[in-house]
Structure formats: structure tokens, C-alpha cells
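The block underneath contains the structure these notes are about, expressed in C-alpha cells.
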Amino acid sequence: MEYNELKIGGIKCGHVQGIAIDEKKEYMYFSCTTYLAKTDMKGRLVGTVTGIAGHLGCIAYNYNDGKVYASLEVKHDKIGAPIMRHMQAESGANYTDDDGFYIAVFDVDKITRHDMDASTDGVMTTVYLGEVTDDYNADGHRYGCSGIDGVTFAPAPGDKDGKRDIYVAYGIYSDLEREDNDYQVILRYDVSDWDKYKRQMSFGTLHLSGPEKPQDKYFVYTGNTNFGIQNLEYDSYTNCLFAAVYNGKKPYFPNYPMYIIDLDSAVSSKHRATGEDITELMLSEKYGIQDEKSGIRGVDFPLGATGMISLGNGEFLFSKTFGDENGCGTTIEHYIFDDKNNFNVI
């Protein structure tokens with residue numbers, strides 16, 4: 001299959017935030033900040049879901065139920081406020097002043113035409129994540145939480161052949177004056193019983209239907225990044241989570257654009273800044289380049305923050321963004337990850 005033919009453009013608000021693929025039915029999905037696009041494997045547009053008055057982030061295809069899951073932020077900070085203003089100017093609707101964080105679930109088989117409405121056309125439901133909202137609303141944004149972005153489906157640590165749960169990564173504010181934000185924070189949820197939580201989304205009044213707590217909450221010590229994990233992708237070939245970020249700015253960290261997180265186990269640990277008991281996922285000791293000063297390992301590869309897909313055989317697809325007179329968009333590039341920790345174009 002020729003993946004490099006895939007392309008989408010004309011995005012007026014934001015940019016491509018994430019990509020997902022259904023290799024069985026041969027469809028591709030693009031998260032475009034305020035809408036979701038569905039294409040065939042030649043890049044021809046099949047349909048779109050619009051009217052999303054929030055930040056639609058990283059997406060993941062769930063082969064268990066045939067649906068696309070996405071992070072969705074409804075917030076009024078420096079990221080969320082411009083999105084709200086854009087959507088209000090476009091629709092004339094009145095939106096909530098509250099902040100809330102959700103997983104959006106798209107019934108992608110129903111996406112058959114352009115401009116299907118996220119709230120009224122029965123193609124999108126949402127599940128509220130109270131854990132994220134509590135950390136975001138805490139004084140000073142606990143752990144630097146700015147919301148959520150990266151999502152993927154993966155087995156629990158130490159259970160490579162087990163069922164796949166959804167992993168949801170926090171956005172983390174860049175702040176050079178604090179140390180509690182030097183971790184990536186990742187939640188794991190079992191979605192098999194989520195039908196009881198799913199609700200149609202009203203951006204005028206936010207619902208609070210969702211699980212009380214995640215299955216687990218993990219911390220990954222990488223050093224502070226700029227808005228946390230942008231895209232998160234499980235790779236069964238390595239049994240690792242690949243986490244693409246916008247580089248951090250603290251000078252005593254290597255500030256890699258990508259980190260590879262080992263899923264062979266999770267360990268009990270102490271938070272380096274707060275001293276609280278945490279469950280820590282470790283950066284892979286096999287993959288990545290180790291920074292001698294900090295001991296942190298990562299990959300110096302510039303793509304992934306706007307979308308990546310593991311094909312499960314050492315091969316990946318990456319989004320490469322562009323801008324033109326029609327707005328912005330992305331092309332898909334096909335890479336292989338070699339034994340020297342390099343991504344090479346196929």
C-alpha cells in the first residue's frame with residue numbers, strides 16, 4: 001500500500017493534530033483541531049465531522065469496536081480561548097464558560113458525507129474525564145496539567161498479550177520555575193464498559209458522565225516539555241509507547257522531541273518534586289539515545305507531534321505538516337525504525 005499518497009489540506013483553524021488508520025477497511029482519519037476528516041487510502045475525502053467547539057487532539061483507532069477515539073479539551077486558556085472565539089464567530093452559538101476534558105468516540109462507519117454535526121448527527125459521543133479536570137482546576141494546575149492530548153490503545157504494563165486499554169496523556173504547561181512538571185502523566189482506562197458513560201456533546205452545557213477514576217495513573221520522568229505529549233502511539237513490535245512532544249526549554253534536560261516508554265513493567269516510586277508515592281513507567285533502556293548528564297533517553301526525530309501510527313512491524317507513518325494559500329494540512333510519510341534508533345524514509 002502506498003501511504004505517501006495520503007494528504008489533506010485546507011485547515012483554517014489550527015492544524016492536523018493526529019492521524020489514525022483502519023487497515024482492514026482501508027480508511028484514514030485526520031484530527032484537524034475542530035473537526036475530524038475521513039479519507040480512503042488514496043487520500044480522497046469521504047466525510048467530515050464538524051462543529052467541535054474545543055481542541056480535538058491525538059486520535060487512535062480501536063479495532064475492538066471499530067471506532068476512533070480522540071482527546072477533546074473544552075477550555076479557556078491561551079490554547080482553548082482562540083478556538084472558542086473562532087467557532088463562535090463561525091456558528092454564532094453561545095458556548096460554555098466551564099472547562100472540561102473528554103474522550104470523544106466517533107462512530108466512523110456513520111461518517112458518509114461532509115459537515116456532519118458532532119452534536120446532532122449521531123456520529124460522536126463523549127466520556128468525561130474527571131481526573132484530568134480536577135488536576136487542571138487545582139491551584140497552579142497540578143503537575144502542570146494543561147489538559148490532555150496523546151491517546152493510544154495498549155496492554156497494561158507487563159501484560160503484552162492482554163486486552164488493550166486506552167492510554168491518555170496529559171498536556172503539561174512549560175514552566176521553567178517549577179519541578180513538579182518534569183514528568184509526563186498518563187492515565188489508563190478500560191473502555192469495555194464505557195457505553196454507560198457516553199453522551200452526546202453540547203458545547204453550551206458540559207456533561208459530567210464518565211469514570212470516577214482511571215485504572216491507573218503513570219508518571220514518566222522526561223523533563224518538562226512544551227504542552228506535554230502531543231501524540232502517543234503504542235508499538236507492539238517493541239512493546240513501547242512512542243511519545244512525541246514539543247521540545248522543552250529547561251537547560252539541564254536533553255529536551256528530545258520524542259521519548260520511548262517501556263511497557264514491560266511499572267514500578268512504585270517517589271515523585272522527585274512532591275515526594276508522593278507514584279507508579280512510574282520507565283524510559284526504554286534499549287531504544288533511544290542516552291543523555292550523559294541527566295540519564296534521560298530519547299530520540300532526536302522531528303516528526304510525530306502532529307500524528308504518528310505504528311504499523312506493528314518496525315514501520316511507522318508520520319504526519320508532515322505544510323501551509324499554503326488554502327490553509328494548512330499534512331502529507332503522510334512512511335518510515336522504518338532501525339536498530340540504531342533512527343527513522344528512515346521507506
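Residue names in the C-alpha cells use chain letters A, B, ... in the order shown, residue numbers from 1 in each chain, and ligand numbers from 1 in the order shown.
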
Show me, as a PyMOL selection string, the residues that have an atom within 12 Å of Ser71 in chain A when counting only C-alpha atoms, minus same-chain residues fewer than 4 positions from it.
chain A and resi 17-18+31-34+36+52+54-60+100-106+125-129+132+147-152+166-171+229-232

Tell me which protein, DNA and RNA residues are within 10 Å of Glu315 in chain A, counting only C-alpha atoms, leaving out same-chain ones fewer than 5 positions away, and put them as a VMD selection string.
chain A and resid 235 237 309 to 310 334 to 338 343 to 346

Written selection (C-alpha atoms) as an mmCIF file, in the first residue's frame:
data_model
loop_
_atom_site.group_PDB
_atom_site.id
_atom_site.type_symbol
_atom_site.label_atom_id
_atom_site.label_comp_id
_atom_site.auth_asym_id
_atom_site.auth_seq_id
_atom_site.Cartn_x
_atom_site.Cartn_y
_atom_site.Cartn_z
ATOM 1 C CA ASP A 235 4.196 -0.102 19.050
ATOM 2 C CA TYR A 237 6.978 -4.590 17.800
ATOM 3 C CA ILE A 309 0.926 5.475 13.507
ATOM 4 C CA SER A 310 2.788 2.264 14.268
ATOM 5 C CA HIS A 334 6.377 6.142 5.633
ATOM 6 C CA TYR A 335 9.380 5.300 7.858
ATOM 7 C CA ILE A 336 11.139 2.313 9.367
ATOM 8 C CA PHE A 337 12.743 2.392 12.819
ATOM 9 C CA ASP A 338 16.157 0.722 12.651
ATOM 10 C CA PHE A 343 13.777 6.615 11.495
ATOM 11 C CA ASN A 344 14.456 6.197 7.791
ATOM 12 C CA VAL A 345 12.087 7.003 4.929
ATOM 13 C CA ILE A 346 10.798 3.973 3.024
#

Which residues come within 10 Å of Ala156 in chain A, counting only C-alpha atoms, excluding same-chain residues fewer than 2 positions away, as a PyMOL selection string?
chain A and resi 153-154+158-167+188-190+215-216+263-266

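Using only C-alpha atoms, the smallest distance between any of A:Leu303, A:Cys13, A:Met282, A:Cys145 and Asn326 in chain A comes from A:Cys13.
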
Considering only C-alpha atoms, give me a table of residues in range 275-346 of chain A that are at most 10 Å from range 239-250 of chain A, with the closest atom pair and distance in Å for each, as a tab-separated table.
residue	atom	partner	partner_atom	distance
A:Leu283	CA	A:Cys240	CA	9.0
A:Ser284	CA	A:Cys240	CA	7.6
A:Tyr287	CA	A:Cys240	CA	9.3
A:Gly298	CA	A:Ala243	CA	9.5
A:Val299	CA	A:Ala244	CA	9.4
A:Phe301	CA	A:Ala244	CA	9.0
A:Pro302	CA	A:Ala244	CA	8.7
A:Leu303	CA	A:Ala244	CA	7.6
A:Gly304	CA	A:Ala244	CA	5.2
A:Ala305	CA	A:Ala244	CA	4.9
A:Thr306	CA	A:Ala244	CA	8.4
A:Gly307	CA	A:Ala244	CA	8.6
A:Met308	CA	A:Ala244	CA	8.5
A:Ile309	CA	A:Phe242	CA	9.6
A:Ser310	CA	A:Phe242	CA	9.0
A:Gly312	CA	A:Asn239	CA	9.6

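Among the candidates A:Ile261, A:Leu281, A:Met116, A:Ile111, the residue lying nearest to Tyr218 in chain A is A:Leu281 (atoms considered: only C-alpha atoms).
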
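Closest approach to Glu26 in chain A from the set A:Arg199, A:Lys12, A:Arg44, A:His76 is made by A:Arg44, with distances taken over only C-alpha atoms.
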
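When only C-alpha atoms are used to compute distances to Gly329 in chain A, the closest of the residues A:Ala37, A:Ala273, A:Ile11, A:Met124 turns out to be A:Ile11.
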
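From CA of Ser202 in chain A back to CA of Val108 in chain A, the distance works out to 19.5 Å.
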
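Separating CA of Asn4 in chain A from CA of Ile332 in chain A is a distance of 5.3 Å.
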
Contact residues around Lys196 in chain A with only C-alpha atoms at 10 Å, ignoring same-chain residues under 4 positions, as JSON, numbers by chain
{"A": [127, 192, 209, 210, 211]}

Selected residues, N, CA and C atoms, written as a PDB file, in the first residue's frame, please.
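Now in selection.pdb:
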ATOM      1  N   VAL A 127     -17.014  10.991  26.668  1.00  0.00           N
ATOM      2  CA  VAL A 127     -16.899  10.477  28.030  1.00  0.00           C
ATOM      3  C   VAL A 127     -16.040  11.458  28.823  1.00  0.00           C
ATOM      4  N   SER A 192     -14.086  -0.982  27.882  1.00  0.00           N
ATOM      5  CA  SER A 192     -15.046  -2.024  27.515  1.00  0.00           C
ATOM      6  C   SER A 192     -16.441  -1.765  28.079  1.00  0.00           C
ATOM      7  N   SER A 209     -20.503  12.889  32.702  1.00  0.00           N
ATOM      8  CA  SER A 209     -20.680  11.444  32.709  1.00  0.00           C
ATOM      9  C   SER A 209     -19.377  10.747  32.309  1.00  0.00           C
ATOM     10  N   GLY A 210     -18.780  10.063  33.268  1.00  0.00           N
ATOM     11  CA  GLY A 210     -17.522   9.378  32.993  1.00  0.00           C
ATOM     12  C   GLY A 210     -17.059   8.590  34.204  1.00  0.00           C
ATOM     13  N   PRO A 211     -15.995   7.831  34.056  1.00  0.00           N
ATOM     14  CA  PRO A 211     -15.480   7.019  35.171  1.00  0.00           C
ATOM     15  C   PRO A 211     -14.962   7.898  36.301  1.00  0.00           C
TER      16      PRO A 211
END

Need to verify the contact set: Ile296 in chain A, 7 Å, only C-alpha atoms, exclusion of same-chain residues closer than 5 positions in sequence. Can you return it as number ranges by chain?
A: 222, 290-291

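For the atom pair formed by CA of Asp117 in chain A and CA of Phe227 in chain A, the distance is 28.5 Å, given to one decimal.
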
Which polymer residues have any atom within 9 Å of an atom of Asp135 in chain A, counting only C-alpha atoms, with same-chain residues fewer than 6 positions away left out, as a ChimeraX atom specification?
/A:141-147

Resulting file, chosen residues, N, CA, C and O atoms, as a tab-separated table (two decimals), in the first residue's frame:
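Heads up, here's the output in again.tsv:
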chain	number	residue	atom	x	y	z
A	141	HIS	N	-2.50	24.33	38.61
A	141	HIS	CA	-2.57	23.23	37.65
A	141	HIS	C	-1.65	22.09	38.11
A	141	HIS	O	-0.47	22.06	37.77
A	142	ARG	N	-2.19	21.16	38.88
A	142	ARG	CA	-1.40	20.08	39.46
A	142	ARG	C	-0.55	19.38	38.40
A	142	ARG	O	-1.03	19.05	37.32
A	143	TYR	N	0.73	19.18	38.70
A	143	TYR	CA	1.73	18.58	37.80
A	143	TYR	C	1.91	19.41	36.52
A	143	TYR	O	2.49	18.92	35.55
A	144	GLY	N	1.43	20.64	36.51
A	144	GLY	CA	1.50	21.47	35.30
A	144	GLY	C	0.44	21.11	34.28
A	144	GLY	O	0.56	21.48	33.11
A	145	CYS	N	-0.61	20.41	34.71
A	145	CYS	CA	-1.62	19.89	33.77
A	145	CYS	C	-2.28	21.00	32.97
A	145	CYS	O	-2.90	21.92	33.53
A	146	SER	N	-2.18	20.90	31.65
A	146	SER	CA	-2.89	21.83	30.76
A	146	SER	C	-4.05	21.15	30.07
A	146	SER	O	-4.69	21.74	29.19
A	147	GLY	N	-4.34	19.89	30.42
A	147	GLY	CA	-5.41	19.14	29.78
A	147	GLY	C	-4.89	17.80	29.29
A	147	GLY	O	-4.11	17.14	29.97

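Ranking A:His207, A:Lys217, A:Lys42, A:Arg85 by their shortest atom-to-atom distance to Val267 in chain A, with only C-alpha atoms included, puts A:Lys217 first.
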
Would you give me, as a compact mmCIF listing (two decimals) with all heavy atoms, in the first residue's frame, the residues in range 22-96 of chain A that DSSP reads as helix (DSSP H, G or I)?
# COMPACT_ATOMS: atom_id res chain seq x y z
N GLY A 80 -7.19 27.20 24.29
CA GLY A 80 -8.62 26.99 24.09
C GLY A 80 -9.40 28.23 23.73
O GLY A 80 -10.36 28.16 22.93
N ALA A 81 -9.03 29.38 24.27
CA ALA A 81 -9.81 30.61 24.04
C ALA A 81 -9.89 30.99 22.57
O ALA A 81 -10.97 31.32 22.06
CB ALA A 81 -9.26 31.74 24.89
N PRO A 82 -8.78 30.98 21.81
CA PRO A 82 -8.88 31.32 20.39
C PRO A 82 -9.76 30.35 19.60
O PRO A 82 -10.43 30.76 18.65
CB PRO A 82 -7.42 31.26 19.90
CG PRO A 82 -6.60 31.43 21.13
CD PRO A 82 -7.37 30.78 22.23
N ILE A 83 -9.74 29.07 19.98
CA ILE A 83 -10.59 28.09 19.31
C ILE A 83 -12.05 28.42 19.56
O ILE A 83 -12.88 28.42 18.63
CB ILE A 83 -10.26 26.66 19.79
CG1 ILE A 83 -8.85 26.27 19.37
CG2 ILE A 83 -11.28 25.66 19.25
CD1 ILE A 83 -8.36 24.97 19.97
N MET A 84 -12.40 28.74 20.80
CA MET A 84 -13.76 29.11 21.14
C MET A 84 -14.20 30.35 20.35
O MET A 84 -15.31 30.41 19.81
CB MET A 84 -13.89 29.38 22.64
CG MET A 84 -13.94 28.13 23.49
SD MET A 84 -15.54 27.32 23.34
CE MET A 84 -15.41 26.10 24.63
N ARG A 85 -13.32 31.35 20.28
CA ARG A 85 -13.68 32.57 19.55
C ARG A 85 -13.91 32.28 18.07
O ARG A 85 -14.85 32.81 17.45
CB ARG A 85 -12.57 33.62 19.73
CG ARG A 85 -12.52 34.24 21.11
CD ARG A 85 -11.68 35.51 21.12
NE ARG A 85 -10.28 35.24 20.77
CZ ARG A 85 -9.33 34.99 21.66
NH1 ARG A 85 -9.63 34.94 22.95
NH2 ARG A 85 -8.09 34.79 21.28
N HIS A 86 -13.05 31.46 17.50
CA HIS A 86 -13.20 31.09 16.08
C HIS A 86 -14.52 30.37 15.85
O HIS A 86 -15.26 30.71 14.91
CB HIS A 86 -12.03 30.19 15.66
CG HIS A 86 -12.21 29.56 14.31
ND1 HIS A 86 -11.89 30.22 13.14
CD2 HIS A 86 -12.70 28.35 13.94
CE1 HIS A 86 -12.16 29.44 12.11
NE2 HIS A 86 -12.65 28.30 12.57
N MET A 87 -14.83 29.41 16.68
CA MET A 87 -16.05 28.63 16.50
C MET A 87 -17.30 29.48 16.75
O MET A 87 -18.31 29.34 16.06
CB MET A 87 -16.05 27.41 17.43
CG MET A 87 -14.98 26.39 17.09
SD MET A 87 -15.15 25.72 15.43
CE MET A 87 -16.69 24.82 15.59
N GLN A 88 -17.22 30.40 17.71
CA GLN A 88 -18.37 31.25 17.99
C GLN A 88 -18.63 32.20 16.82
O GLN A 88 -19.78 32.43 16.44
CB GLN A 88 -18.14 32.04 19.28
CG GLN A 88 -19.40 32.70 19.81
CD GLN A 88 -19.35 32.93 21.30
OE1 GLN A 88 -18.34 32.68 21.94
NE2 GLN A 88 -20.45 33.39 21.87
N ALA A 89 -17.54 32.73 16.25
CA ALA A 89 -17.70 33.62 15.09
C ALA A 89 -18.26 32.86 13.89
O ALA A 89 -19.03 33.40 13.10
CB ALA A 89 -16.35 34.24 14.73
N GLU A 90 -17.88 31.59 13.78
CA GLU A 90 -18.32 30.78 12.64
C GLU A 90 -19.78 30.34 12.77
O GLU A 90 -20.52 30.32 11.79
CB GLU A 90 -17.41 29.55 12.52
CG GLU A 90 -17.55 28.78 11.23
CD GLU A 90 -16.51 27.68 11.12
OE1 GLU A 90 -16.66 26.63 11.77
OE2 GLU A 90 -15.52 27.88 10.37
N SER A 91 -20.20 30.01 13.99
CA SER A 91 -21.54 29.44 14.18
C SER A 91 -22.55 30.39 14.80
O SER A 91 -23.75 30.21 14.65
CB SER A 91 -21.44 28.19 15.06
OG SER A 91 -21.10 28.55 16.38
